[in-house]
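K.L.:
Structure supplied as entry.txt; contents: compact mmCIF, C-alpha atoms.
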# COMPACT_ATOMS: atom_id res chain seq x y z
CA MET A 881 13.11 4.08 -8.55
CA GLU A 882 15.63 2.78 -6.09
CA THR A 883 16.14 3.02 -2.36
CA GLU A 884 19.13 1.85 -0.39
CA ARG A 885 17.98 -1.78 -0.48
CA LEU A 886 15.06 -1.92 -2.91
CA ILE A 887 14.10 -1.43 -6.53
CA MET A 888 10.61 -0.03 -7.08
CA ARG A 889 9.58 -0.81 -10.64
CA ARG A 890 6.73 -1.54 -13.00
CA TRP A 891 5.34 -5.05 -13.01
CA ARG A 892 6.68 -7.95 -15.08
CA ASP A 893 4.90 -11.14 -16.04
CA ASP A 894 7.22 -13.17 -13.82
CA ASP A 895 5.94 -11.19 -10.79
CA ARG A 896 2.47 -12.65 -11.18
CA GLU A 897 3.13 -16.08 -9.71
CA PRO A 898 4.85 -14.91 -6.48
CA PHE A 899 2.25 -12.14 -6.17
CA ALA A 900 -0.55 -14.68 -6.42
CA ALA A 901 1.14 -16.75 -3.70
CA LEU A 902 1.39 -13.66 -1.50
CA ASN A 903 -2.32 -12.89 -2.07
CA ALA A 904 -3.25 -16.48 -1.18
CA ASP A 905 -1.33 -16.39 2.12
CA ALA A 906 -3.80 -16.18 5.01
CA GLU A 907 -1.31 -14.41 7.26
CA VAL A 908 -0.45 -11.73 4.66
CA MET A 909 -4.15 -11.22 3.91
CA GLU A 910 -5.29 -11.29 7.55
CA HIS A 911 -6.66 -7.74 7.39
CA PHE A 912 -8.49 -8.16 4.08
CA PRO A 913 -11.97 -9.65 3.60
CA ALA A 914 -10.73 -12.61 1.53
CA LEU A 915 -7.77 -14.31 -0.07
CA LEU A 916 -7.34 -13.71 -3.79
CA THR A 917 -7.48 -16.44 -6.42
CA ARG A 918 -4.81 -16.46 -9.12
CA SER A 919 -7.26 -14.86 -11.53
CA GLU A 920 -8.18 -12.12 -9.03
CA SER A 921 -4.50 -11.50 -8.29
CA ASP A 922 -3.67 -11.21 -12.00
CA GLY A 923 -6.62 -8.83 -12.44
CA PHE A 924 -5.22 -6.69 -9.62
CA VAL A 925 -1.85 -6.48 -11.42
CA ASP A 926 -3.69 -5.46 -14.61
CA ARG A 927 -5.51 -2.67 -12.71
CA ILE A 928 -2.23 -1.53 -11.13
CA GLU A 929 -0.61 -1.24 -14.56
CA ALA A 930 -3.66 0.62 -15.93
CA GLY A 931 -3.29 3.05 -13.01
CA PHE A 932 0.29 3.81 -14.02
CA GLU A 933 -0.89 4.63 -17.53
CA ALA A 934 -3.74 6.81 -16.30
CA HIS A 935 -2.02 8.68 -13.46
CA GLY A 936 1.74 8.37 -13.89
CA TYR A 937 2.10 6.60 -10.54
CA GLY A 938 0.90 3.39 -8.99
CA LEU A 939 1.79 0.45 -6.81
CA TRP A 940 5.38 -0.39 -7.72
CA ALA A 941 6.59 -3.98 -7.63
CA LEU A 942 9.27 -4.30 -4.96
CA GLU A 943 12.49 -6.15 -5.60
CA VAL A 944 15.35 -6.62 -3.16
CA ARG A 945 18.40 -5.08 -4.87
CA LYS A 946 20.89 -7.60 -3.50
CA SER A 947 18.99 -10.75 -4.49
CA GLY A 948 16.55 -9.64 -7.20
CA GLU A 949 13.74 -11.27 -5.19
CA PHE A 950 10.17 -9.97 -5.72
CA ILE A 951 8.68 -9.23 -2.28
CA GLY A 952 5.39 -7.41 -2.96
CA PHE A 953 4.40 -3.82 -3.67
CA THR A 954 4.49 -0.32 -2.28
CA GLY A 955 3.18 2.79 -3.92
CA LEU A 956 0.39 5.20 -4.62
CA ALA A 957 -3.20 4.38 -5.57
CA LEU A 958 -6.13 6.65 -6.33
CA GLN A 959 -9.02 5.72 -4.05
CA THR A 960 -12.48 6.63 -5.32
CA PHE A 961 -14.80 4.52 -3.17
CA GLU A 962 -17.47 6.54 -1.42
CA ALA A 963 -16.10 8.10 1.77
CA PRO A 964 -15.87 11.65 3.16
CA PHE A 965 -12.16 11.92 2.22
CA THR A 966 -12.30 10.50 -1.33
CA PRO A 967 -11.15 10.87 -3.98
CA ALA A 968 -7.69 10.65 -2.43
CA VAL A 969 -4.29 9.19 -3.23
CA GLU A 970 -3.25 6.49 -0.80
CA VAL A 971 0.21 5.18 -0.02
CA GLY A 972 -0.03 1.45 0.51
CA TRP A 973 2.02 -1.72 0.70
CA ARG A 974 1.69 -5.49 0.75
CA LEU A 975 4.75 -7.61 1.37
CA ALA A 976 5.39 -11.33 1.46
CA LYS A 977 5.68 -12.69 4.99
CA ALA A 978 9.40 -13.44 4.51
CA ALA A 979 9.96 -9.70 3.88
CA TRP A 980 8.34 -8.58 7.15
CA GLY A 981 10.47 -7.12 9.90
CA HIS A 982 13.24 -5.79 7.65
CA GLY A 983 12.01 -2.19 7.34
CA TYR A 984 11.21 -2.61 3.65
CA ALA A 985 7.67 -1.19 3.91
CA ILE A 986 8.79 2.06 5.52
CA GLU A 987 11.81 2.39 3.20
CA ALA A 988 9.69 2.01 0.08
CA ALA A 989 6.75 4.03 1.44
CA ARG A 990 9.05 7.00 2.08
CA GLU A 991 10.17 6.89 -1.54
CA ALA A 992 6.57 6.58 -2.77
CA VAL A 993 5.53 9.58 -0.66
CA ARG A 994 8.51 11.59 -1.93
CA TYR A 995 7.47 10.75 -5.49
CA GLY A 996 3.87 11.73 -4.75
CA PHE A 997 4.80 15.16 -3.46
CA ASP A 998 7.87 15.98 -5.56
CA VAL A 999 7.01 14.40 -8.91
CA ALA A 1000 3.23 13.90 -9.00
CA GLY A 1001 2.61 17.25 -7.28
CA LEU A 1002 0.14 15.93 -4.72
CA ASP A 1003 -0.86 18.13 -1.79
CA GLU A 1004 -1.96 15.28 0.48
CA ILE A 1005 -1.40 11.54 0.70
CA VAL A 1006 -3.54 9.29 2.89
CA SER A 1007 -3.26 5.75 4.13
CA ILE A 1008 -6.02 3.49 5.38
CA THR A 1009 -6.22 0.13 7.10
CA THR A 1010 -8.39 -1.84 9.44
CA VAL A 1011 -8.46 -0.71 13.05
CA ARG A 1012 -6.78 -4.00 14.04
CA ASN A 1013 -3.82 -3.76 11.61
CA LEU A 1014 -1.29 -2.45 14.09
CA ARG A 1015 1.70 -3.37 11.92
CA SER A 1016 0.56 -1.09 9.06
CA ARG A 1017 -0.54 1.62 11.45
CA LYS A 1018 2.99 1.66 12.88
CA VAL A 1019 4.39 2.23 9.36
CA MET A 1020 1.93 5.10 8.85
CA GLU A 1021 3.03 6.70 12.11
CA ARG A 1022 6.72 6.21 11.26
CA LEU A 1023 6.02 8.07 8.00
CA GLY A 1024 4.83 11.02 10.09
CA MET A 1025 1.21 10.54 9.10
CA THR A 1026 -1.41 11.67 11.58
CA ARG A 1027 -4.78 10.27 12.52
CA ASP A 1028 -7.87 12.14 13.64
CA ILE A 1029 -10.28 9.65 15.21
CA ALA A 1030 -13.15 11.67 13.69
CA ASP A 1031 -11.93 10.49 10.26
CA ASP A 1032 -12.28 6.78 11.08
CA PHE A 1033 -14.87 5.11 8.87
CA TYR A 1034 -16.56 1.90 7.83
CA HIS A 1035 -15.09 0.79 4.50
CA PRO A 1036 -17.98 0.58 2.02
CA ARG A 1037 -16.32 -2.23 0.02
CA VAL A 1038 -16.01 -4.51 3.06
CA PRO A 1039 -19.05 -6.60 4.09
CA ALA A 1040 -21.06 -5.03 6.91
CA ASP A 1041 -20.58 -8.04 9.19
CA SER A 1042 -16.81 -8.24 8.67
CA PRO A 1043 -14.40 -7.43 11.50
CA GLN A 1044 -12.25 -5.70 8.83
CA ARG A 1045 -14.91 -3.09 8.06
CA PRO A 1046 -13.87 -0.47 10.68
CA HIS A 1047 -10.96 1.50 9.19
CA VAL A 1048 -8.62 4.25 10.29
CA LEU A 1049 -7.45 7.12 8.09
CA TYR A 1050 -4.00 8.66 8.36
CA ARG A 1051 -2.97 11.81 6.47
CA LEU A 1052 0.26 13.45 5.39
CA ARG A 1053 0.26 16.89 3.78
CA ARG A 1054 2.89 18.40 1.53
CA GLY A 1055 5.54 20.10 3.67
CA GLN A 1056 5.14 17.84 6.67
CA ALA A 1057 8.48 16.28 7.52
CA LEU A 1058 8.77 12.54 7.15
CA ILE A 1059 9.93 10.94 10.38
CA ALA A 1060 13.03 8.74 10.21
How does this structure look as structure tokens?
P.N.:
Amino acid sequence: METERLIMRRWRDDDREPFAALNADAEVMEHFPALLTRSESDGFVDRIEAGFEAHGYGLWALEVRKSGEFIGFTGLALQTFEAPFTPAVEVGWRLAKAAWGHGYAIEAAREAVRYGFDVAGLDEIVSITTVRNLRSRKVMERLGMTRDIADDFYHPRVPADSPQRPHVLYRLRRGQALIA
């Protein structure tokens, strides 16, 4: 898939090294419980690719059209951890620090959401993040997603004593207009 400035594609082996660097960057991973080792990062790519095979969608590798540079991912992921709203399909993103502030996350997330509704036939797409991740929450709101504070939850896969455990849930239902 392509947007005005991005190519959203399946993963290639040469994406693994820059993805591992992104996952080892403390600033990029600030709102996650831990940095990922190279092995953990490669395992994540393997799970992403398996998700494409199983569901027909996934977390697309992002490439800047003009330069061909790999900058991270944006896409759809089935979430099955135990929570009142799961199973659910989440739109998510993770971009290298150098790609922040260019509007790439919102541009790619809009295309992922369009794909989810128009191609995958989903009725609802969610997005979750830590309470403190204001940057991602802003993207969710720019997508037109809405939050009900009653849906906030403690992520069961985050250690109980972690400041990242409190999460917010945003929702977007089929037919809701995406905000520009």
K.L.:
Report as a PyMOL selection string all protein, DNA and RNA residues lying within 6 Å of Ile951 in chain A, evaluated on all atoms listed in the file, omitting residues in the same chain fewer than 3 positions from it.
P.N.:
chain A and resi 942-943+975-976
K.L.:
Can you list, as a list in words, every protein, DNA or RNA residue that comes within 9 Å of Arg1053 in chain A when you count all atoms listed in the file, leaving out same-chain residues fewer than 6 positions away?
P.N.:
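Counting all atoms listed in the file, the residues come to Phe997, Leu1002, Asp1003, Glu1004, Ile1005, Val1006 and Met1025 of chain A.
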K.L.:
Go ahead and save the residues from that selection, with C-alpha atoms, as an mmCIF file, keeping the file's coordinate frame.
P.N.:
data_model
loop_
_atom_site.group_PDB
_atom_site.id
_atom_site.type_symbol
_atom_site.label_atom_id
_atom_site.label_comp_id
_atom_site.auth_asym_id
_atom_site.auth_seq_id
_atom_site.Cartn_x
_atom_site.Cartn_y
_atom_site.Cartn_z
ATOM 1 C CA PHE A 997 4.800 15.160 -3.460
ATOM 2 C CA LEU A 1002 0.140 15.930 -4.720
ATOM 3 C CA ASP A 1003 -0.860 18.130 -1.790
ATOM 4 C CA GLU A 1004 -1.960 15.280 0.480
ATOM 5 C CA ILE A 1005 -1.400 11.540 0.700
ATOM 6 C CA VAL A 1006 -3.540 9.290 2.890
ATOM 7 C CA MET A 1025 1.210 10.540 9.100
#
K.L.:
Could you make a table, as CSV, of the residues of range 988-1020 of chain A that have an atom within 10 Å of an atom of range 965-974 of chain A, each with its nearest atom pair and distance in Å to one decimal, counting all atoms listed in the file, in chain and number order?
P.N.:
residue,atom,partner,partner_atom,distance
A:Ala988,CA,A:Trp973,CA,8.6
A:Ala989,CA,A:Val971,CA,6.8
A:Arg990,CA,A:Val971,CA,9.3
A:Ala992,CA,A:Val971,CA,7.1
A:Val993,CA,A:Val971,CA,6.9
A:Gly996,CA,A:Val969,CA,8.7
A:Leu1002,CA,A:Val969,CA,8.2
A:Asp1003,CA,A:Val969,CA,9.7
A:Glu1004,CA,A:Val969,CA,7.5
A:Ile1005,CA,A:Val969,CA,5.4
A:Val1006,CA,A:Glu970,CA,4.6
A:Ser1007,CA,A:Glu970,CA,5.0
A:Ile1008,CA,A:Glu970,CA,7.4
A:Thr1009,CA,A:Gly972,CA,9.1
A:Ser1016,CA,A:Trp973,CA,8.5
A:Val1019,CA,A:Trp973,CA,9.8
A:Met1020,CA,A:Val971,CA,9.0
K.L.:
Return as a Markdown table the residues of range 999-1038 of chain A lying at most 12 Å from range 913-937 of chain A, together with the closest atom-to-atom pair for each and the distance in Å to one decimal, counting all atoms listed in the file, with rows in chain order and ascending residue number.
P.N.:
| residue | atom | partner | partner_atom | distance |
| --- | --- | --- | --- | --- |
| A:Val999 | CA | A:Tyr937 | CA | 9.4 |
| A:Ala1000 | CA | A:Gly936 | CA | 7.5 |
| A:Gly1001 | CA | A:Gly936 | CA | 11.1 |
| A:Leu1002 | CA | A:Tyr937 | CA | 11.2 |
| A:Thr1009 | CA | A:Pro913 | CA | 11.9 |
| A:Thr1010 | CA | A:Pro913 | CA | 10.4 |
| A:His1035 | CA | A:Pro913 | CA | 10.9 |
| A:Pro1036 | CA | A:Pro913 | CA | 12.0 |
| A:Arg1037 | CA | A:Pro913 | CA | 9.3 |
| A:Val1038 | CA | A:Pro913 | CA | 6.6 |
K.L.:
Would you mind reading off the distance between CA of Asn903 in chain A and CA of Pro1046 in chain A, one decimal, in Å?
P.N.:
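One can read the CA of Asn903 in chain A to CA of Pro1046 in chain A distance as 21.2 Å.
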K.L.:
CA of Arg1012 in chain A and CA of Asp1032 in chain A, how far apart in Å?
P.N.:
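Straight-line distance from CA of Asp1032 in chain A to CA of Arg1012 in chain A works out to 12.5 Å.
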K.L.:
State, in Å with one decimal place, the distance from CA of Glu962 in chain A to CA of Gln1044 in chain A.
P.N.:
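Calculated distance between CA of Glu962 in chain A and CA of Gln1044 in chain A is 16.8 Å.
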K.L.:
Show which residues sit within 10 Å of Ala1030 in chain A, as a list in words. Count only C-alpha atoms, and ignore same-chain residues fewer than 3 positions away.
P.N.:
Arg1027, Phe1033, Val1048 and Leu1049 of chain A
K.L.:
Using only C-alpha atoms for the distances, tell me which of A:Leu902, A:Lys1018, A:Trp891, A:Pro1039 is nearest to Ala979 in chain A.
P.N.:
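Using only C-alpha atoms, the shortest distance to Ala979 in chain A belongs to A:Leu902.
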K.L.:
From the options A:His911, A:Pro1043, A:Tyr995, A:Gln1056, which residue's atoms come nearest to Arg1017 in chain A, counting all atoms listed in the file?
P.N.:
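Once distances to Arg1017 in chain A are computed over all atoms listed in the file, the minimum belongs to A:His911.
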